[in-house]
>>> print(open('structure-v1.txt').read())   # compact mmCIF, C-alpha atoms
# COMPACT_ATOMS: atom_id res chain seq x y z
CA MET A 93 83.67 -145.62 -136.65
CA PRO A 94 81.70 -145.18 -139.88
CA TYR A 95 78.10 -144.13 -139.66
CA ALA A 96 75.55 -146.88 -140.14
CA VAL A 97 73.52 -144.26 -142.01
CA GLU A 98 75.36 -141.04 -142.77
CA PRO A 99 73.73 -137.78 -141.70
CA ARG A 100 72.28 -135.68 -144.49
CA ASP A 101 74.25 -132.57 -145.45
CA PRO A 102 71.88 -129.66 -144.64
CA LEU A 103 72.99 -127.69 -147.71
CA THR A 104 71.71 -130.47 -149.96
CA GLN A 105 68.36 -130.60 -148.13
CA SER A 106 65.40 -128.24 -147.86
CA GLN A 107 65.56 -125.54 -145.20
CA GLY A 108 62.96 -125.93 -142.46
CA VAL A 109 61.60 -122.38 -142.46
CA VAL A 110 61.24 -120.77 -145.88
CA ALA A 111 60.60 -117.08 -146.61
CA GLY A 112 57.41 -116.67 -148.61
CA TYR A 113 55.98 -120.00 -147.41
CA ALA A 114 54.16 -118.87 -144.26
CA GLN A 115 53.10 -122.29 -143.00
CA THR A 116 56.70 -123.42 -142.56
CA ALA A 117 57.16 -121.05 -139.58
CA GLN A 118 54.12 -122.58 -137.89
CA ARG A 119 55.27 -126.14 -138.37
CA TRP A 120 59.03 -126.53 -138.34
CA PRO A 121 60.30 -127.27 -134.80
CA ALA A 122 62.10 -124.45 -133.01
CA GLN A 123 64.24 -126.80 -130.93
CA PRO A 124 67.25 -128.56 -132.44
CA PRO A 125 66.71 -132.29 -132.96
CA ALA A 126 67.91 -134.72 -130.31
CA HIS A 127 70.68 -137.05 -131.30
CA ARG A 128 70.25 -140.80 -131.12
CA ALA A 129 72.47 -143.62 -132.23
CA PRO A 130 70.49 -145.70 -134.74
CA GLY A 131 69.55 -149.10 -133.37
CA PRO A 132 67.68 -152.13 -134.70
CA GLY A 133 64.48 -150.09 -134.97
CA GLU A 134 66.09 -147.55 -137.31
CA LEU A 135 68.38 -149.90 -139.25
CA SER A 136 65.52 -152.15 -140.26
CA GLY A 137 62.55 -151.26 -142.40
CA PRO A 138 59.35 -152.52 -143.96
CA ALA A 139 59.90 -155.23 -146.55
CA ARG A 140 57.23 -156.11 -149.11
CA LEU A 141 55.22 -153.04 -148.16
CA GLU A 142 52.69 -153.95 -150.83
CA ARG A 143 51.18 -156.18 -148.15
CA ARG A 144 49.79 -153.01 -146.57
CA LEU A 145 49.75 -150.57 -149.48
CA PRO A 146 48.15 -152.16 -152.55
CA LEU A 147 49.86 -151.43 -155.85
CA GLY A 148 48.15 -149.10 -158.31
CA ARG A 149 48.19 -148.45 -162.01
CA ALA A 150 51.33 -147.54 -163.96
CA ASP A 151 49.45 -145.53 -166.57
CA LEU A 152 47.77 -142.24 -165.68
CA ALA A 153 47.34 -141.06 -169.27
CA GLY A 154 44.85 -143.64 -170.58
CA ARG A 155 44.29 -144.43 -174.25
CA GLY A 156 41.92 -143.72 -177.09
CA ALA A 157 38.70 -142.02 -176.06
CA GLN A 158 39.84 -142.25 -172.43
CA ARG A 159 43.12 -140.45 -173.04
CA ALA A 160 43.86 -137.64 -170.57
CA LEU A 161 44.51 -134.19 -172.02
CA GLY A 162 48.08 -132.96 -172.14
CA GLN A 163 51.51 -133.87 -173.40
CA LEU A 164 52.13 -137.60 -173.16
CA ILE A 165 55.29 -138.38 -171.20
CA GLU A 166 57.01 -141.34 -169.63
CA ILE A 167 58.81 -140.98 -166.32
CA ARG A 168 61.61 -143.44 -165.68
CA ALA A 169 62.37 -143.09 -162.00
CA ARG A 170 65.29 -145.02 -160.58
CA VAL A 171 65.80 -145.71 -156.87
CA VAL A 172 69.42 -146.26 -155.81
CA ASP A 173 71.46 -145.99 -152.62
CA GLU A 174 74.46 -143.69 -152.05
CA GLY A 175 76.67 -146.26 -153.77
CA GLY A 176 74.52 -146.17 -156.90
CA VAL A 177 73.26 -149.68 -156.17
CA PRO A 178 69.65 -150.16 -157.36
CA ILE A 179 66.99 -151.06 -154.81
CA PRO A 180 64.74 -153.69 -156.39
CA GLY A 181 61.36 -153.98 -154.74
CA ALA A 182 61.40 -150.40 -153.42
CA MET A 183 57.90 -149.01 -153.29
CA VAL A 184 57.32 -145.79 -155.24
CA GLU A 185 54.23 -143.62 -154.75
CA ILE A 186 53.60 -140.91 -157.31
CA TRP A 187 51.00 -138.16 -157.54
CA HIS A 188 50.60 -135.02 -159.63
CA CYS A 189 48.00 -132.62 -161.00
CA ASN A 190 46.44 -132.68 -164.46
CA ALA A 191 47.61 -130.70 -167.49
CA ALA A 192 45.56 -127.69 -166.38
CA GLY A 193 47.13 -127.61 -162.92
CA LYS A 194 44.23 -129.23 -161.01
CA TYR A 195 44.61 -132.03 -158.46
CA ILE A 196 42.01 -134.68 -157.80
CA HIS A 197 41.76 -133.60 -154.17
CA PRO A 198 39.12 -131.89 -152.00
CA ASN A 199 41.73 -129.34 -150.83
CA ASP A 200 42.35 -128.01 -154.33
CA ALA A 201 40.37 -124.77 -154.78
CA ASN A 202 42.27 -123.75 -157.92
CA ASP A 203 39.87 -122.56 -160.62
CA ALA A 204 41.10 -124.97 -163.28
CA PRO A 205 39.13 -127.72 -165.03
CA GLU A 206 39.13 -131.33 -163.96
CA ASP A 207 39.91 -133.97 -166.55
CA PRO A 208 37.64 -137.03 -166.26
CA ASN A 209 40.22 -139.14 -168.08
CA PHE A 210 43.11 -138.27 -165.82
CA TYR A 211 43.95 -140.40 -162.80
CA GLY A 212 46.39 -138.66 -160.50
CA THR A 213 48.04 -141.38 -158.43
CA ALA A 214 50.31 -144.36 -158.99
CA ARG A 215 51.90 -146.91 -156.67
CA LEU A 216 54.64 -149.06 -158.18
CA LEU A 217 57.50 -151.34 -157.22
CA ALA A 218 60.99 -150.72 -158.57
CA GLY A 219 62.25 -153.54 -160.77
CA ASP A 220 65.60 -155.29 -160.65
CA SER A 221 67.46 -152.23 -161.94
CA GLY A 222 65.70 -149.98 -159.41
CA LEU A 223 63.51 -148.63 -162.18
CA ALA A 224 59.84 -147.65 -161.89
CA THR A 225 58.23 -146.47 -165.12
CA LEU A 226 55.09 -144.35 -165.32
CA ARG A 227 53.16 -143.39 -168.45
CA THR A 228 51.36 -140.13 -167.81
CA ILE A 229 50.80 -136.59 -169.01
CA LYS A 230 52.91 -133.58 -168.12
CA PRO A 231 51.34 -131.72 -165.17
CA GLY A 232 50.53 -128.02 -165.44
CA ALA A 233 51.63 -125.10 -163.29
CA TYR A 234 49.22 -123.65 -160.71
CA PRO A 235 49.06 -120.66 -158.36
CA VAL A 236 49.55 -121.00 -154.62
CA PRO A 237 46.61 -119.25 -152.90
CA ASP A 238 47.31 -115.92 -151.13
CA SER A 239 51.02 -116.10 -151.85
CA GLY A 240 51.61 -112.89 -153.79
CA GLY A 241 52.17 -114.46 -157.18
CA TRP A 242 53.90 -117.72 -156.35
CA TRP A 243 53.12 -120.32 -159.01
CA ARG A 244 54.26 -123.89 -158.55
CA PRO A 245 56.19 -125.03 -161.63
CA PRO A 246 55.13 -128.34 -163.16
CA HIS A 247 56.26 -131.04 -160.73
CA VAL A 248 55.60 -134.64 -159.73
CA HIS A 249 55.45 -135.83 -156.11
CA PHE A 250 57.36 -138.95 -155.11
CA SER A 251 57.31 -141.01 -151.93
CA VAL A 252 59.82 -143.86 -151.79
CA TRP A 253 61.21 -146.34 -149.30
CA GLY A 254 64.73 -147.68 -149.11
CA ARG A 255 65.98 -150.68 -147.20
CA VAL A 256 65.78 -149.16 -143.72
CA TRP A 257 63.57 -146.78 -141.74
CA LEU A 258 66.13 -143.98 -142.03
CA ALA A 259 66.05 -144.24 -145.84
CA ARG A 260 62.55 -142.78 -146.22
CA LEU A 261 62.33 -140.10 -148.92
CA VAL A 262 59.47 -137.83 -149.93
CA THR A 263 60.36 -135.36 -152.63
CA GLN A 264 59.27 -133.65 -155.85
CA MET A 265 60.57 -134.02 -159.40
CA PHE A 266 60.83 -130.92 -161.60
CA PHE A 267 61.01 -130.50 -165.37
CA PRO A 268 63.99 -128.98 -167.19
CA GLY A 269 63.74 -125.55 -168.80
CA GLU A 270 60.74 -124.35 -166.81
CA PRO A 271 61.01 -120.60 -166.08
CA LEU A 272 59.02 -121.04 -162.86
CA ASN A 273 61.73 -123.34 -161.46
CA ASP A 274 63.95 -120.34 -160.74
CA HIS A 275 61.41 -118.78 -158.39
CA ASP A 276 59.82 -121.79 -156.73
CA ALA A 277 60.05 -121.52 -152.93
CA ILE A 278 60.14 -125.29 -152.57
CA LEU A 279 62.83 -126.12 -155.13
CA ASN A 280 64.93 -123.17 -153.99
CA ALA A 281 64.71 -124.16 -150.33
CA VAL A 282 67.57 -126.48 -151.30
CA ARG A 283 70.57 -124.16 -151.07
CA ASP A 284 73.19 -126.22 -152.90
CA PRO A 285 72.74 -125.58 -156.66
CA ALA A 286 74.02 -129.04 -157.60
CA ALA A 287 71.57 -130.72 -155.22
CA ARG A 288 68.81 -128.56 -156.67
CA SER A 289 69.69 -129.50 -160.23
CA ARG A 290 69.48 -133.18 -159.31
CA CYS A 291 65.80 -132.61 -158.50
CA ILE A 292 65.21 -131.75 -162.16
CA ALA A 293 64.54 -134.67 -164.49
CA ARG A 294 66.57 -135.28 -167.66
CA LEU A 295 64.68 -135.19 -170.97
CA VAL A 296 65.49 -138.08 -173.28
CA PRO A 297 63.09 -137.92 -176.27
CA GLN A 298 62.20 -141.25 -177.88
CA ASP A 299 60.34 -141.93 -181.13
CA ASN A 300 56.84 -141.98 -179.71
CA VAL A 301 57.09 -140.39 -176.32
CA LEU A 302 58.96 -137.79 -174.31
CA VAL A 303 60.92 -139.67 -171.68
CA TYR A 304 62.04 -138.03 -168.46
CA GLU A 305 64.70 -139.83 -166.46
CA TYR A 306 64.91 -139.16 -162.76
CA GLN A 307 67.16 -140.71 -160.15
CA MET A 308 66.37 -140.76 -156.45
CA VAL A 309 69.14 -141.54 -153.98
CA VAL A 310 68.00 -142.97 -150.66
CA ARG A 311 70.25 -143.60 -147.69
CA GLY A 312 71.24 -146.92 -146.18
CA ARG A 313 74.18 -148.22 -148.24
CA ASN A 314 75.88 -149.56 -145.11
CA ALA A 315 72.72 -150.93 -143.51
CA ALA A 316 71.18 -153.20 -146.00
CA PRO A 317 68.39 -155.64 -145.19
CA LYS A 318 66.66 -156.98 -148.29
CA MET A 319 63.46 -155.43 -149.56
CA ARG A 320 62.17 -158.78 -150.79
CA MET B 263 80.72 -144.06 -156.25
CA LYS B 264 79.31 -141.73 -153.62
CA LEU B 265 75.96 -140.18 -154.41
CA VAL B 266 74.31 -137.49 -152.30
CA PRO B 267 70.89 -138.43 -150.90
CA THR B 268 68.12 -136.66 -152.80
CA ALA B 269 66.71 -133.53 -151.18
CA GLU B 270 63.55 -134.13 -149.20
CA MET B 271 60.64 -131.84 -150.03
CA THR B 272 57.27 -131.15 -148.50
CA LEU B 273 54.38 -133.56 -148.97
CA GLY B 274 52.24 -130.60 -150.09
CA PRO B 275 48.51 -130.14 -149.48
CA PHE B 276 47.36 -132.65 -152.08
CA PHE B 277 48.55 -136.03 -150.79
CA PRO B 278 46.00 -138.45 -152.27
CA PRO B 279 43.31 -139.39 -149.72
CA GLU B 280 43.35 -142.99 -150.96
CA PHE B 281 47.04 -143.20 -150.06
CA ALA B 282 46.32 -142.18 -146.48
CA ALA B 283 43.39 -144.53 -145.95
CA GLY B 284 43.22 -148.09 -144.72
CA ALA B 285 46.78 -148.61 -143.52
CA ASN B 286 46.43 -147.86 -139.79
CA ASP B 287 45.55 -151.38 -138.60
CA LEU B 288 48.60 -153.58 -138.06
CA THR B 289 46.84 -156.42 -136.27
CA GLN B 290 46.25 -158.85 -139.12
CA GLN B 291 48.06 -162.18 -138.81
CA ILE B 292 49.61 -161.46 -135.43
CA SER B 293 48.72 -162.45 -131.93
CA GLY B 294 49.63 -160.21 -129.06
CA GLU B 295 48.26 -157.49 -126.84
CA ILE B 296 46.16 -155.33 -129.14
CA ILE B 297 46.48 -151.64 -128.40
CA GLU B 298 45.07 -148.41 -129.77
CA ILE B 299 47.23 -145.30 -130.15
CA THR B 300 45.65 -141.93 -130.77
CA GLY B 301 46.84 -138.37 -130.55
CA ARG B 302 46.37 -134.84 -131.79
CA VAL B 303 48.82 -132.97 -134.00
CA THR B 304 49.05 -129.20 -133.51
CA GLN B 305 51.19 -126.34 -134.84
CA LEU B 306 52.72 -123.17 -133.29
CA ASP B 307 49.42 -121.34 -132.76
CA GLY B 308 47.86 -124.45 -131.22
CA ARG B 309 45.60 -125.16 -134.17
CA PRO B 310 44.95 -128.88 -134.80
CA LEU B 311 46.07 -129.96 -138.25
CA ASP B 312 44.13 -132.17 -140.62
CA ASN B 313 45.55 -134.52 -143.23
CA VAL B 314 48.87 -134.85 -141.42
CA VAL B 315 50.41 -138.13 -142.54
CA ILE B 316 51.94 -140.23 -139.76
CA GLU B 317 53.91 -143.39 -140.42
CA ILE B 318 55.02 -145.82 -137.73
CA TRP B 319 57.56 -148.64 -137.57
CA GLN B 320 57.68 -151.07 -134.70
CA ALA B 321 58.88 -154.46 -133.52
CA ASP B 322 56.63 -157.48 -133.12
CA PRO B 323 55.56 -158.61 -129.60
CA GLN B 324 58.83 -160.53 -129.29
CA GLY B 325 60.92 -157.50 -130.19
CA ARG B 326 61.72 -158.61 -133.75
CA TYR B 327 61.80 -156.18 -136.65
CA ASP B 328 62.22 -158.89 -139.29
CA ASN B 329 59.29 -161.18 -138.56
CA PRO B 330 58.11 -162.18 -142.05
CA GLU B 331 54.57 -162.74 -140.73
CA PHE B 332 54.21 -159.31 -139.17
CA LEU B 333 54.54 -156.01 -141.02
CA GLY B 334 55.24 -153.49 -138.27
CA TRP B 335 54.56 -150.53 -140.53
CA GLY B 336 51.45 -148.38 -140.64
CA ARG B 337 50.19 -145.06 -141.90
CA ALA B 338 47.40 -142.82 -140.65
CA ALA B 339 46.20 -139.34 -141.48
CA THR B 340 44.72 -136.89 -138.99
CA ASN B 341 41.06 -135.90 -139.24
CA ALA B 342 39.60 -132.38 -139.08
CA ASP B 343 40.21 -132.35 -135.30
CA GLY B 344 43.86 -133.20 -135.80
CA ILE B 345 43.40 -136.73 -134.46
CA TYR B 346 45.17 -139.81 -135.80
CA ARG B 347 44.53 -143.41 -134.78
CA PHE B 348 46.43 -146.70 -135.01
CA LYS B 349 45.42 -150.20 -134.01
CA THR B 350 48.42 -152.42 -133.46
CA VAL B 351 50.04 -154.91 -131.09
CA LYS B 352 52.25 -153.87 -128.23
CA PRO B 353 55.83 -154.29 -129.38
CA GLY B 354 58.48 -156.17 -127.44
CA ALA B 355 60.53 -152.97 -127.55
CA PRO B 356 60.41 -149.77 -125.49
CA TYR B 357 59.17 -147.52 -128.28
CA ILE B 358 57.49 -147.14 -131.66
CA ASN B 359 59.10 -144.93 -134.31
CA PHE B 360 56.98 -142.11 -135.74
CA LEU B 361 57.59 -140.20 -138.96
CA ILE B 362 55.58 -137.08 -139.76
CA LEU B 363 54.88 -135.72 -143.24
CA TYR B 364 52.85 -132.61 -143.95
CA SER B 365 52.22 -129.64 -146.14
CA GLY B 366 54.59 -126.90 -145.00
CA LEU B 367 56.94 -129.40 -143.38
CA MET B 368 59.87 -129.14 -145.76
CA ARG B 369 61.38 -132.40 -144.51
CA HIS B 370 59.86 -135.27 -142.60
CA LEU B 371 60.19 -135.30 -138.83
CA GLN B 372 61.34 -138.27 -136.77
CA THR B 373 60.13 -138.94 -133.28
CA ALA B 374 59.18 -141.93 -131.12
CA MET B 375 56.48 -142.88 -128.67
CA PHE B 376 57.84 -144.60 -125.55
CA PHE B 377 55.69 -146.81 -123.35
CA ASP B 378 57.40 -146.29 -120.00
CA LYS B 379 60.37 -143.95 -120.01
CA ALA B 380 62.26 -141.98 -122.64
CA PRO B 381 66.06 -141.87 -122.64
CA ASP B 382 67.47 -139.38 -120.13
CA SER B 383 69.60 -137.85 -122.87
CA VAL B 384 66.54 -136.44 -124.64
CA LYS B 385 65.58 -132.95 -123.44
CA HIS B 386 61.88 -132.96 -122.44
CA GLY B 387 61.93 -136.71 -122.99
CA GLU B 388 58.84 -137.00 -120.77
CA ARG B 389 56.86 -135.63 -123.70
CA LEU B 390 57.68 -138.78 -125.64
CA VAL B 391 56.03 -141.06 -123.09
CA ALA B 392 52.52 -142.12 -124.04
CA LYS B 393 49.70 -141.38 -121.61
CA LYS B 394 47.76 -144.48 -120.72
CA GLU B 395 44.08 -143.63 -121.14
CA GLY B 396 42.61 -146.99 -120.30
CA PRO B 397 43.28 -150.66 -120.81
CA ASN B 398 45.15 -151.00 -124.10
CA ARG B 399 44.66 -147.32 -124.97
CA TYR B 400 47.58 -144.94 -125.38
CA ARG B 401 47.61 -141.24 -126.16
CA PHE B 402 50.54 -139.54 -127.91
CA ASP B 403 50.03 -135.89 -128.92
CA ILE B 404 52.48 -134.21 -131.25
CA ARG B 405 53.21 -130.50 -131.05
CA LEU B 406 55.23 -129.52 -134.11
CA ARG B 407 56.40 -126.17 -132.74
CA GLY B 408 55.86 -123.91 -129.75
CA GLU B 409 54.85 -124.51 -126.14
CA GLY B 410 55.24 -128.15 -125.22
CA GLU B 411 57.05 -128.84 -128.49
CA THR B 412 57.59 -132.53 -129.12
CA PRO B 413 61.24 -133.57 -129.13
CA PHE B 414 62.29 -134.77 -132.56
CA PHE B 415 65.32 -136.84 -133.48
CA ASP B 416 67.97 -136.00 -136.01
CA ASP B 417 67.55 -137.87 -139.24
>>> encode(input="structure-v1.txt", output="structure tokens")
Amino acid sequence: MPYAVEPRDPLTQSQGVVAGYAQTAQRWPAQPPAHRAPGPGELSGPARLERRLPLGRADLAGRGAQRALGQLIEIRARVVDEGGVPIPGAMVEIWHCNAAGKYIHPNDANDAPEDPNFYGTARLLAGDSGLATLRTIKPGAYPVPDSGGWWRPPHVHFSVWGRVWLARLVTQMFFPGEPLNDHDAILNAVRDPAARSRCIARLVPQDNVLVYEYQMVVRGRNAAPKMR
Amino acid sequence: MKLVPTAEMTLGPFFPPEFAAGANDLTQQISGEIIEITGRVTQLDGRPLDNVVIEIWQADPQGRYDNPEFLGWGRAATNADGIYRFKTVKPGAPYINFLILYSGLMRHLQTAMFFDKAPDSVKHGERLVAKKEGPNRYRFDIRLRGEGETPFFDD
């Protein structure tokens, strides 16, 4: 019998406990997960989530005198299922730091300047082709405190929903050609090199803007309630 | 075409506070038995964790997951004492699904809070049964790792 939602291949997913990332050994469960056959509660999911999570702006860069510092970019993120079928109406949450590597967040103690013109969060809905487009600036790299020289490469956080509860995906998008990518404990927690490379966006320069294309594949091809 | 699901990665320590706020009350536009669910999230050394993001998915009071009038989804974040809180209606189903996202959790964790009895097949399933703390008040603590570790489901 085919799976309603196929299990993830561990090699294409992040390891639970990661050397050099001390908190992972405090937080990842020691016991193996219990198996359950997905039922109606797992093969359904929240439709029109914007009823609970209000949509936000699609432009974090601003314009004119209110333009955030940094390299202007456009991120074209596409949400599809394992069959490559777009998921219109999928909610996409995005957050990243400013060009100097500083988040708008009370937890960020990094000694880097804030940018009053930068707004660090977006909440969008994918369109008919599964596409969510964000105008923003390229985030900077920043050091991880007390880590012995670990710097996070420039990256963008994504949180997306598919059609069913088991489709939930929270991940990070990386930029091509960044030397820090090769040493990042988070990117390299994915052991399969091909799966890792799919976490790196594709640069497609246009006349007026640097476009980065990024595809996110969420599960649930065979369990497909409508998002809207 | 067969595409591989994208690798999950950690939420990180900088999940926007405005994303975590204001989504833990599911009781608008629904009539039913209103309940409160709270609990504490702790790690291996027993320390309570703040800013843990918890998302739930549940049926409506009649057991339906596709009621267009009721969105059975919510999100809460733990406070400095590691406590999260939801206000919702009691579902017409034996459990509520929980998903946990956090800095240092490389992938999300799946678990469920049961009202009466967890399936016998789950080792330490009794830890998934909510403690009733009063009329309409349920307590569901989550231990990520270590003594009394919460059972999690494969995902």
>>> interface_residues(input="structure-v1.txt", of="chain B", to="chain A", cutoff="8 Å", atoms="all atoms listed in the file", output="ChimeraX atom specification")
/B:263-273,275-279,281,285,305-307,319-321,327-328,333-336,359,366-370,384-385,406-408,411,413-417
>>> residues_around(input="structure-v1.txt", residues="Val351 in chain B", least_positions_apart="6", cutoff="6 Å", atoms="only C-alpha atoms", output="ChimeraX atom specification")
/B:294-297
>>> atom_distance(input="structure-v1.txt", atom1="CA of Pro330 in chain B", atom2="CA of Ile292 in chain B")
10.8 Å
>>> closest_residue(input="structure-v1.txt", among="B:Tyr364, B:Phe376, B:Thr412, B:Arg337", to="Lys393 in chain B", atoms="all atoms listed in the file")
B:Phe376
>>> atom_distance(input="structure-v1.txt", atom1="CA of Gly301 in chain B", atom2="CA of Met183 in chain A")
27.4 Å
>>> residues_near_point(input="structure-v1.txt", point="(51.2, -143.1, -142.5)", cutoff="10 Å", atoms="all atoms listed in the file", output="PDB file with C-alpha atoms, keeping the file's coordinate frame")
ATOM      1  CA  PHE B 281      47.040-143.200-150.060  1.00  0.00           C
ATOM      2  CA  ALA B 282      46.320-142.180-146.480  1.00  0.00           C
ATOM      3  CA  ALA B 283      43.390-144.530-145.950  1.00  0.00           C
ATOM      4  CA  GLY B 284      43.220-148.090-144.720  1.00  0.00           C
ATOM      5  CA  ALA B 285      46.780-148.610-143.520  1.00  0.00           C
ATOM      6  CA  ASN B 286      46.430-147.860-139.790  1.00  0.00           C
ATOM      7  CA  VAL B 314      48.870-134.850-141.420  1.00  0.00           C
ATOM      8  CA  VAL B 315      50.410-138.130-142.540  1.00  0.00           C
ATOM      9  CA  ILE B 316      51.940-140.230-139.760  1.00  0.00           C
ATOM     10  CA  GLU B 317      53.910-143.390-140.420  1.00  0.00           C
ATOM     11  CA  ILE B 318      55.020-145.820-137.730  1.00  0.00           C
ATOM     12  CA  TRP B 319      57.560-148.640-137.570  1.00  0.00           C
ATOM     13  CA  TRP B 335      54.560-150.530-140.530  1.00  0.00           C
ATOM     14  CA  GLY B 336      51.450-148.380-140.640  1.00  0.00           C
ATOM     15  CA  ARG B 337      50.190-145.060-141.900  1.00  0.00           C
ATOM     16  CA  ALA B 338      47.400-142.820-140.650  1.00  0.00           C
ATOM     17  CA  ALA B 339      46.200-139.340-141.480  1.00  0.00           C
ATOM     18  CA  THR B 340      44.720-136.890-138.990  1.00  0.00           C
ATOM     19  CA  TYR B 346      45.170-139.810-135.800  1.00  0.00           C
ATOM     20  CA  PHE B 348      46.430-146.700-135.010  1.00  0.00           C
ATOM     21  CA  PHE B 360      56.980-142.110-135.740  1.00  0.00           C
ATOM     22  CA  LEU B 361      57.590-140.200-138.960  1.00  0.00           C
ATOM     23  CA  ILE B 362      55.580-137.080-139.760  1.00  0.00           C
ATOM     24  CA  LEU B 363      54.880-135.720-143.240  1.00  0.00           C
TER      25      LEU B 363
END
>>> atom_distance(input="structure-v1.txt", atom1="CA of Asn190 in chain A", atom2="CA of Gly269 in chain A")
19.2 Å
>>> closest_residue(input="structure-v1.txt", among="A:Leu272, A:Val256, A:Val303, A:Leu226", to="Ala96 in chain A", atoms="only C-alpha atoms")
A:Val256
>>> residues_around(input="structure-v1.txt", residues="Trp242 in chain A", least_positions_apart="3", cutoff="10 Å", atoms="all atoms listed in the file", output="PDB file with C-alpha atoms, in the frame of the given file")
ATOM      1  CA  GLY A 112      57.410-116.670-148.610  1.00  0.00           C
ATOM      2  CA  TYR A 113      55.980-120.000-147.410  1.00  0.00           C
ATOM      3  CA  TYR A 234      49.220-123.650-160.710  1.00  0.00           C
ATOM      4  CA  PRO A 235      49.060-120.660-158.360  1.00  0.00           C
ATOM      5  CA  VAL A 236      49.550-121.000-154.620  1.00  0.00           C
ATOM      6  CA  PRO A 237      46.610-119.250-152.900  1.00  0.00           C
ATOM      7  CA  ASP A 238      47.310-115.920-151.130  1.00  0.00           C
ATOM      8  CA  SER A 239      51.020-116.100-151.850  1.00  0.00           C
ATOM      9  CA  PRO A 245      56.190-125.030-161.630  1.00  0.00           C
ATOM     10  CA  LEU A 272      59.020-121.040-162.860  1.00  0.00           C
ATOM     11  CA  HIS A 275      61.410-118.780-158.390  1.00  0.00           C
ATOM     12  CA  ASP A 276      59.820-121.790-156.730  1.00  0.00           C
ATOM     13  CA  ALA A 277      60.050-121.520-152.930  1.00  0.00           C
TER      14      ALA A 277
END
